[in-house]
>>> print(open('target-v4.cif').read())   # mmCIF, C-alpha atoms
data_data
loop_
_atom_site.label_atom_id
_atom_site.label_comp_id
_atom_site.auth_asym_id
_atom_site.auth_seq_id
_atom_site.Cartn_x
_atom_site.Cartn_y
_atom_site.Cartn_z
CA MET K 1 -7.70 22.21 7.35
CA SER K 2 -7.17 24.82 4.61
CA ASN K 3 -10.48 25.88 3.05
CA HIS K 4 -9.13 25.73 -0.51
CA LEU K 5 -8.31 22.01 -0.32
CA LEU K 6 -10.58 19.03 -0.84
CA PRO K 7 -11.71 17.53 2.50
CA TYR K 8 -10.23 14.14 3.29
CA VAL K 9 -10.55 11.44 5.95
CA LEU K 10 -8.08 8.79 7.06
CA ILE K 11 -8.51 5.34 8.57
CA THR K 12 -5.75 3.42 10.34
CA PRO K 13 -6.19 -0.25 11.24
CA ALA K 14 -3.62 -0.84 14.01
CA ARG K 15 -2.65 -4.08 15.69
CA ASN K 16 0.19 -4.19 18.24
CA GLU K 17 1.85 -1.01 16.97
CA GLN K 18 3.12 0.40 20.27
CA ASP K 19 6.67 0.67 18.90
CA PHE K 20 5.81 2.92 15.97
CA ILE K 21 2.33 4.42 16.20
CA GLU K 22 3.48 7.49 18.09
CA LYS K 23 5.74 8.38 15.14
CA THR K 24 2.69 8.25 12.88
CA ILE K 25 0.62 10.33 15.30
CA GLN K 26 3.32 12.98 15.59
CA SER K 27 3.55 13.16 11.80
CA MET K 28 -0.22 13.67 11.51
CA ILE K 29 -0.38 16.31 14.25
CA GLY K 30 2.24 18.31 12.35
CA GLN K 31 0.39 18.29 9.02
CA THR K 32 -0.23 21.60 7.26
CA ALA K 33 -3.60 20.22 6.10
CA LEU K 34 -5.43 18.18 8.74
CA PRO K 35 -8.10 15.59 7.87
CA ALA K 36 -11.76 16.13 8.64
CA LYS K 37 -11.45 12.94 10.70
CA TRP K 38 -8.76 10.37 11.43
CA VAL K 39 -10.16 7.11 12.76
CA ILE K 40 -7.66 4.73 14.35
CA VAL K 41 -9.09 1.24 14.71
CA ASN K 42 -7.31 -0.72 17.41
CA ASP K 43 -7.70 -4.22 15.99
CA GLY K 44 -7.50 -6.30 19.15
CA SER K 45 -4.02 -5.21 20.18
CA THR K 46 -2.49 -6.88 23.21
CA ASP K 47 0.11 -4.16 23.79
CA ASP K 48 -0.14 -0.42 24.60
CA THR K 49 -1.42 0.70 21.19
CA SER K 50 -4.81 1.79 22.53
CA ARG K 51 -3.35 3.63 25.54
CA ILE K 52 -0.90 5.59 23.36
CA VAL K 53 -3.63 6.70 20.96
CA ARG K 54 -6.03 7.57 23.79
CA SER K 55 -3.47 9.93 25.33
CA TYR K 56 -3.77 12.20 22.25
CA LEU K 57 -7.56 12.30 21.82
CA ALA K 58 -8.44 15.12 24.23
CA ASP K 59 -6.16 17.64 22.50
CA HIS K 60 -7.01 16.56 18.95
CA PRO K 61 -10.78 16.27 18.41
CA TRP K 62 -10.32 15.27 14.76
CA MET K 63 -8.85 11.98 15.99
CA GLU K 64 -11.08 9.07 17.03
CA LEU K 65 -10.24 5.67 18.49
CA VAL K 66 -12.25 2.50 17.93
CA ASP K 67 -11.33 -0.53 20.06
CA LEU K 68 -12.15 -3.93 18.59
CA PRO K 69 -12.01 -7.14 20.67
CA ALA K 70 -8.85 -9.24 20.69
CA ARG K 71 -8.55 -12.02 18.12
CA LYS K 72 -6.19 -14.98 17.85
CA ASP K 73 -5.68 -15.20 14.11
CA ARG K 74 -3.89 -12.63 11.99
CA ASN K 75 -4.79 -12.18 8.33
CA PHE K 76 -5.26 -9.44 5.78
CA ALA K 77 -9.03 -9.86 5.60
CA ALA K 78 -9.15 -8.80 9.25
CA LYS K 79 -7.37 -5.58 8.31
CA VAL K 80 -10.10 -4.84 5.77
CA HIS K 81 -12.79 -5.54 8.34
CA ALA K 82 -11.04 -3.13 10.73
CA PHE K 83 -10.83 -0.52 7.97
CA ASN K 84 -14.55 -0.92 7.30
CA GLU K 85 -15.29 -0.36 10.99
CA GLY K 86 -13.48 2.95 10.66
CA LEU K 87 -15.39 3.70 7.46
CA LYS K 88 -18.65 3.53 9.40
CA ARG K 89 -17.45 6.40 11.60
CA VAL K 90 -17.03 8.84 8.68
CA GLN K 91 -20.20 8.12 6.72
CA ASP K 92 -21.95 11.27 7.96
CA LEU K 93 -19.03 13.55 7.08
CA LYS K 94 -18.54 15.46 3.85
CA PHE K 95 -15.31 14.42 2.18
CA GLU K 96 -13.93 13.91 -1.32
CA LEU K 97 -10.90 11.78 -0.49
CA ILE K 98 -10.39 8.77 1.77
CA GLY K 99 -7.09 7.26 2.76
CA ASN K 100 -5.63 4.21 4.44
CA LEU K 101 -2.69 5.07 6.69
CA ASP K 102 -0.57 2.40 8.35
CA ALA K 103 0.53 2.86 11.97
CA ASP K 104 4.25 2.31 11.44
CA ILE K 105 5.28 5.16 9.14
CA SER K 106 6.30 8.81 9.38
CA PHE K 107 6.32 11.64 6.85
CA GLY K 108 6.89 15.35 6.36
CA PRO K 109 4.49 18.13 7.45
CA ASP K 110 3.08 18.84 3.98
CA HIS K 111 2.61 15.20 2.99
CA PHE K 112 -1.18 15.25 2.78
CA GLU K 113 -1.48 18.80 1.54
CA PHE K 114 0.75 17.72 -1.34
CA LEU K 115 -1.36 14.64 -2.12
CA VAL K 116 -4.66 16.52 -1.90
CA SER K 117 -3.32 19.13 -4.32
CA LYS K 118 -2.60 16.39 -6.88
CA PHE K 119 -6.24 15.31 -6.84
CA MET K 120 -7.30 18.91 -7.38
CA GLU K 121 -4.95 19.25 -10.37
CA ASN K 122 -6.09 16.04 -12.05
CA PRO K 123 -9.79 15.00 -12.02
CA ALA K 124 -8.84 11.60 -13.52
CA LEU K 125 -6.60 10.75 -10.57
CA GLY K 126 -8.23 7.92 -8.61
CA VAL K 127 -5.48 6.76 -6.22
CA ALA K 128 -2.35 8.56 -5.05
CA GLY K 129 0.57 8.03 -2.73
CA THR K 130 4.27 8.77 -2.59
CA ALA K 131 7.60 7.00 -2.84
CA TYR K 132 8.86 5.48 0.41
CA THR K 133 11.95 4.35 2.24
CA GLN K 134 12.61 1.47 4.60
CA GLU K 135 15.22 0.67 7.20
CA GLY K 136 18.70 0.01 5.79
CA GLY K 137 18.58 2.73 3.15
CA TRP K 138 16.06 1.03 0.85
CA ASP K 139 14.24 3.44 -1.50
CA SER K 140 11.27 2.48 -3.66
CA THR K 141 12.44 4.67 -6.55
CA GLN K 142 15.80 2.90 -6.77
CA ASP K 143 15.39 -0.62 -5.40
CA SER K 144 12.23 -1.90 -7.07
CA PHE K 145 10.49 -2.02 -10.44
CA GLU K 146 7.16 -0.85 -9.07
CA GLY K 147 6.95 2.32 -11.14
CA GLU K 148 4.92 5.48 -10.79
CA ALA K 149 1.58 3.73 -11.17
CA SER K 150 2.07 1.54 -8.09
CA VAL K 151 0.68 2.94 -4.83
CA HIS K 152 1.62 1.02 -1.69
CA GLY K 153 -1.03 0.34 0.91
CA ALA K 154 0.90 1.90 3.78
CA CYS K 155 -0.35 5.28 2.59
CA GLN K 156 -3.03 5.20 -0.09
CA VAL K 157 -5.43 8.05 -0.78
CA PHE K 158 -8.48 7.41 -2.97
CA ARG K 159 -10.90 9.76 -4.63
CA LYS K 160 -14.20 8.80 -2.99
CA GLN K 161 -15.87 8.11 -6.35
CA CYS K 162 -13.04 5.77 -7.35
CA PHE K 163 -13.16 3.94 -4.01
CA LEU K 164 -16.88 3.33 -4.45
CA GLU K 165 -16.49 2.16 -8.06
CA ILE K 166 -13.91 -0.50 -7.18
CA GLY K 167 -16.02 -1.71 -4.26
CA GLY K 168 -13.51 -0.70 -1.60
CA TYR K 169 -10.87 -3.08 -0.32
CA CYS K 170 -11.21 -6.80 -1.07
CA PRO K 171 -11.07 -8.81 2.21
CA ASN K 172 -8.62 -11.43 0.93
CA ARG K 173 -7.13 -13.41 3.81
CA ALA K 174 -3.81 -13.99 2.05
CA GLY K 175 -3.09 -10.35 1.24
CA GLY K 176 -2.74 -8.17 -1.82
CA ILE K 177 -5.62 -5.94 -0.77
CA ASP K 178 -3.82 -2.71 -1.66
CA TRP K 179 -2.60 -4.07 -5.00
CA ILE K 180 -6.08 -5.34 -5.97
CA ALA K 181 -7.60 -1.95 -5.19
CA VAL K 182 -5.05 0.07 -7.18
CA THR K 183 -4.93 -2.27 -10.17
CA THR K 184 -8.72 -2.47 -10.32
CA ALA K 185 -8.84 1.33 -10.34
CA ARG K 186 -6.51 1.43 -13.37
CA MET K 187 -8.51 -1.27 -15.11
CA LYS K 188 -11.61 0.86 -14.67
CA GLY K 189 -9.90 3.83 -16.28
CA TRP K 190 -8.66 5.79 -13.27
CA GLU K 191 -5.10 7.07 -13.08
CA THR K 192 -3.00 5.87 -10.15
CA ARG K 193 0.23 7.57 -9.13
CA ASN K 194 2.87 7.57 -6.47
CA TYR K 195 4.91 10.74 -6.52
CA PRO K 196 8.68 10.72 -5.98
CA ASP K 197 8.55 14.36 -4.85
CA ARG K 198 7.74 13.15 -1.33
CA ARG K 199 8.64 10.16 0.83
CA TYR K 200 7.23 8.38 3.82
CA HIS K 201 9.44 6.14 5.93
CA ASN K 202 8.29 2.66 6.86
CA TYR K 203 9.88 1.52 10.11
CA ARG K 204 8.94 -2.10 9.55
CA THR K 205 10.04 -3.71 6.29
CA MET K 206 6.88 -4.46 4.39
CA GLY K 207 5.67 -8.01 4.75
CA THR K 208 7.92 -8.89 7.69
CA ALA K 209 5.45 -8.35 10.52
CA GLU K 210 5.65 -11.41 12.80
CA LYS K 211 8.00 -13.19 10.36
CA GLY K 212 11.54 -12.87 9.01
CA HIS K 213 12.82 -11.67 5.65
CA MET K 214 12.90 -15.18 4.12
CA GLY K 215 9.35 -15.87 5.25
CA ALA K 216 8.27 -12.55 3.78
CA ALA K 217 9.96 -13.34 0.45
CA PHE K 218 8.24 -16.75 0.36
CA ASP K 219 4.88 -15.11 1.02
CA TYR K 220 5.51 -12.52 -1.68
CA GLY K 221 6.15 -15.35 -4.14
CA LYS K 222 2.86 -16.99 -3.21
CA LYS K 223 1.12 -13.63 -3.54
CA ASP K 224 2.63 -13.06 -6.98
CA TYR K 225 0.98 -16.31 -8.07
CA PHE K 226 -2.46 -15.86 -6.57
CA LEU K 227 -2.68 -12.29 -7.83
CA GLY K 228 -2.22 -13.64 -11.34
CA GLY K 229 1.37 -12.59 -12.01
CA SER K 230 3.02 -13.85 -15.18
CA PRO K 231 5.59 -16.68 -14.70
CA VAL K 232 7.87 -14.87 -17.16
CA TRP K 233 7.82 -11.75 -15.02
CA GLU K 234 8.35 -13.84 -11.89
CA LEU K 235 11.53 -15.39 -13.28
CA PHE K 236 12.83 -11.93 -14.07
CA ARG K 237 11.91 -10.74 -10.57
CA VAL K 238 13.66 -13.72 -8.99
CA ALA K 239 16.83 -13.08 -11.02
CA TYR K 240 16.82 -9.44 -9.94
CA ARG K 241 16.17 -10.37 -6.30
CA MET K 242 19.19 -12.68 -6.34
CA THR K 243 21.42 -9.67 -6.89
CA LYS K 244 20.27 -8.18 -3.58
CA ARG K 245 21.18 -9.05 -0.02
CA PRO K 246 20.88 -11.66 1.32
CA VAL K 247 22.31 -13.00 -1.95
CA LEU K 248 20.39 -15.93 -3.51
CA LEU K 249 18.31 -16.71 -0.43
CA GLY K 250 15.72 -14.01 -0.98
CA GLY K 251 15.33 -14.87 -4.65
CA PHE K 252 15.15 -18.60 -3.90
CA ALA K 253 12.43 -18.03 -1.27
CA LEU K 254 10.49 -15.87 -3.74
CA LEU K 255 10.65 -18.54 -6.46
CA LEU K 256 9.77 -21.30 -3.99
CA GLY K 257 6.68 -19.40 -2.83
CA TYR K 258 5.45 -18.90 -6.39
CA CYS K 259 6.08 -22.57 -7.32
CA VAL K 260 4.44 -23.95 -4.18
CA ALA K 261 1.32 -21.85 -4.84
CA ALA K 262 1.27 -22.95 -8.48
CA VAL K 263 1.60 -26.66 -7.61
CA ARG K 264 -1.15 -26.36 -5.01
CA ARG K 265 -3.26 -24.34 -7.46
CA VAL K 266 -3.98 -21.77 -4.80
CA GLN K 267 -7.30 -20.10 -5.48
CA ARG K 268 -6.91 -16.66 -7.02
CA PRO K 269 -9.05 -13.83 -5.58
CA VAL K 270 -8.85 -11.85 -8.82
CA SER K 271 -11.05 -12.03 -11.90
CA ARG K 272 -9.70 -13.28 -15.23
CA GLU K 273 -10.15 -9.76 -16.58
CA LEU K 274 -7.97 -8.27 -13.83
CA MET K 275 -5.34 -11.01 -14.22
CA GLN K 276 -5.07 -10.38 -17.97
CA PHE K 277 -4.82 -6.64 -17.40
CA HIS K 278 -2.08 -7.21 -14.80
CA ARG K 279 -0.05 -9.44 -17.12
CA ARG K 280 -0.25 -6.93 -19.96
CA GLU K 281 1.14 -4.30 -17.59
CA GLN K 282 3.94 -6.64 -16.52
CA MET K 283 4.95 -7.43 -20.11
CA LYS K 284 4.98 -3.75 -20.98
CA LYS K 285 7.31 -3.08 -18.03
CA LEU K 286 9.52 -6.00 -19.00
CA ARG K 287 9.87 -4.75 -22.59
CA THR K 288 10.92 -1.35 -21.26
CA ILE K 289 13.52 -2.88 -18.95
CA LEU K 290 14.91 -5.27 -21.55
CA GLY K 291 15.03 -2.46 -24.09
CA SER K 292 17.29 -0.54 -21.74
CA LEU K 293 19.58 -3.55 -21.30
CA ILE K 294 19.83 -4.24 -25.04
CA THR K 295 20.74 -0.65 -25.84
CA LEU K 296 23.20 -0.54 -22.91
CA ARG K 297 21.27 2.24 -21.25
CA LYS K 298 20.85 2.46 -17.48
CA VAL K 299 17.90 0.37 -16.40
CA GLN K 300 15.10 2.63 -15.28
CA THR K 301 13.59 1.02 -12.20
CA TYR K 302 11.08 3.77 -11.45
CA LEU K 303 8.97 3.21 -14.55
CA PRO K 304 6.66 6.05 -15.64
CA ALA K 305 2.92 5.72 -15.23
CA ASN K 306 1.34 4.81 -18.54
CA PRO K 307 -1.92 2.86 -18.32
CA VAL K 308 -2.25 -0.21 -20.52
CA LYS K 309 -4.86 0.18 -23.23
#
>>> encode(input="target-v4.cif", output="structure tokens")
Amino acid sequence: MSNHLLPYVLITPARNEQDFIEKTIQSMIGQTALPAKWVIVNDGSTDDTSRIVRSYLADHPWMELVDLPARKDRNFAAKVHAFNEGLKRVQDLKFELIGNLDADISFGPDHFEFLVSKFMENPALGVAGTAYTQEGGWDSTQDSFEGEASVHGACQVFRKQCFLEIGGYCPNRAGGIDWIAVTTARMKGWETRNYPDRRYHNYRTMGTAEKGHMGAAFDYGKKDYFLGGSPVWELFRVAYRMTKRPVLLGGFALLLGYCVAAVRRVQRPVSRELMQFHRREQMKKLRTILGSLITLRKVQTYLPANPVK
């Protein structure tokens, strides 16, 4: 790793990723700035994930594999537990940045050198990532209203101090662990950014692992509720989703998920303070979008980062 850059470590929880993990490994091997350590935690895979990773260890001593026992259930809390197992393996190392890296993405050779440089330029930066693409030509800067402040969990890099202040990842079984971490960081005064100057490509559409697109949309609706999302924002999101393929079905599944969670009063894993902060951010985004529509300007989907005060 270049001496002038801040040292960083990466942790990858991986479960049954034999189809894609080699793409991630090849991307990491080609980085212009290597991590001090990259710990891949094989979370009870029943396929060849462990064997593929093991074949690279001898030639790349900065890589480490941790094999966890097989488990029957699959939930997001387990991913956090796997991440924490990896975290134990880097405690004795000196590093300033720590990242979560999914095992089904690929990226360019200067991806992490670019991200590390952003932390060096801005001491207030707590979490950073980049824009991303998915199969079918989907691009996060054009096909969502996430904005520059949203950093997806597939590739999140934290300043160590920020990660400690937010208490790390929240082991919520139903998901939202990356969102909770990033939003909590903003609430505590840290800046969070994803940069459109770079992309990573996600080979599996987010949220569709072991389920179809409609099931994923339904789950996203439930997640929008239990993470404290505003019903006003959700209606807007549903309307927007209905303009995308598959027409109507995705939006209907999203709305159904939100309504089912609301009727069942699904327990929310977020504090009232975080929920209120989140809703203020949503309303600020909505005002920006509606302002564009009223003035007949092109709707800006990639909203600029501007923390709510």
>>> atom_distance(input="target-v4.cif", atom1="CA of Lys23 (chain K)", atom2="CA of Leu101 (chain K)")
12.4 Å
>>> resolve_selection(input="target-v4.cif", expression="the PyMOL selection byres ((chain K and resi 120) around 12)", output="number ranges by chain")
K: 4-7, 96-97, 113-119, 121-126, 128, 159
>>> atom_distance(input="target-v4.cif", atom1="CA of Trp62 (chain K)", atom2="CA of Val39 (chain K)")
8.4 Å
>>> atom_distance(input="target-v4.cif", atom1="CA of Arg265 (chain K)", atom2="CA of Leu235 (chain K)")
18.2 Å
>>> closest_atom_pairs(input="target-v4.cif", of="region 263-299 of chain K", to="region 216-233 of chain K", cutoff="6 Å", atoms="all atoms listed in the file", output="JSON lines")
{"residue": "K:Arg268", "atom": "CA", "partner": "K:Phe226", "partner_atom": "CA", "distance": 4.5}
{"residue": "K:Met275", "atom": "CA", "partner": "K:Gly228", "partner_atom": "CA", "distance": 5.0}
{"residue": "K:Arg279", "atom": "CA", "partner": "K:Ser230", "partner_atom": "CA", "distance": 5.7}
>>> closest_residue(input="target-v4.cif", among="K:Ile98, K:Leu57, K:Val80, K:Ile29", to="Ala174 (chain K)", atoms="all atoms listed in the file")
K:Val80
>>> resolve_selection(input="target-v4.cif", expression="the PyMOL selection byres ((chain K and resi 9-22) around 8)", output="compact mmCIF listing (two decimals) with C-alpha atoms, keeping the file's coordinate frame")
# COMPACT_ATOMS: atom_id res chain seq x y z
CA PRO K 7 -11.71 17.53 2.50
CA TYR K 8 -10.23 14.14 3.29
CA LYS K 23 5.74 8.38 15.14
CA THR K 24 2.69 8.25 12.88
CA ILE K 25 0.62 10.33 15.30
CA GLN K 26 3.32 12.98 15.59
CA PRO K 35 -8.10 15.59 7.87
CA ALA K 36 -11.76 16.13 8.64
CA LYS K 37 -11.45 12.94 10.70
CA TRP K 38 -8.76 10.37 11.43
CA VAL K 39 -10.16 7.11 12.76
CA ILE K 40 -7.66 4.73 14.35
CA VAL K 41 -9.09 1.24 14.71
CA ASN K 42 -7.31 -0.72 17.41
CA ASP K 43 -7.70 -4.22 15.99
CA GLY K 44 -7.50 -6.30 19.15
CA SER K 45 -4.02 -5.21 20.18
CA THR K 46 -2.49 -6.88 23.21
CA ASP K 47 0.11 -4.16 23.79
CA ASP K 48 -0.14 -0.42 24.60
CA THR K 49 -1.42 0.70 21.19
CA ILE K 52 -0.90 5.59 23.36
CA VAL K 53 -3.63 6.70 20.96
CA LYS K 79 -7.37 -5.58 8.31
CA ALA K 82 -11.04 -3.13 10.73
CA PHE K 83 -10.83 -0.52 7.97
CA GLY K 86 -13.48 2.95 10.66
CA LEU K 87 -15.39 3.70 7.46
CA VAL K 90 -17.03 8.84 8.68
CA PHE K 95 -15.31 14.42 2.18
CA LEU K 97 -10.90 11.78 -0.49
CA ILE K 98 -10.39 8.77 1.77
CA GLY K 99 -7.09 7.26 2.76
CA ASN K 100 -5.63 4.21 4.44
CA LEU K 101 -2.69 5.07 6.69
CA ASP K 102 -0.57 2.40 8.35
CA ALA K 103 0.53 2.86 11.97
CA ASP K 104 4.25 2.31 11.44
CA ILE K 105 5.28 5.16 9.14
CA TYR K 203 9.88 1.52 10.11
>>> residues_around(input="target-v4.cif", residues="Glu135 (chain K)", least_positions_apart="4", cutoff="8 Å", atoms="all atoms listed in the file", output="number ranges by chain")
K: 202-205
>>> resolve_selection(input="target-v4.cif", expression="the PyMOL selection byres ((chain K and resi 164-166) around 8)", output="MDAnalysis selection string")
chainID K and resid 160:163 167:169 181 184:185 188
>>> closest_residue(input="target-v4.cif", among="K:Asn194, K:Glu234, K:Lys244, K:Ala262", to="Met283 (chain K)", atoms="only C-alpha atoms")
K:Glu234
>>> residues_around(input="target-v4.cif", residues="Thr133 (chain K)", least_positions_apart="3", cutoff="8 Å", atoms="all atoms listed in the file", output="list in words")
Gly137, Trp138, Asp139, Ser140, Arg199, Tyr200, His201 and Asn202 of chain K
>>> axis_aligned_box(input="target-v4.cif", around="region 213-226 of chain K", padding_each_side="5 Å", output="lines of an AutoDock Vina configuration file")
center_x = 5.2
center_y = -14.3
center_z = -1.2
size_x = 25.4
size_y = 15.3
size_z = 23.7
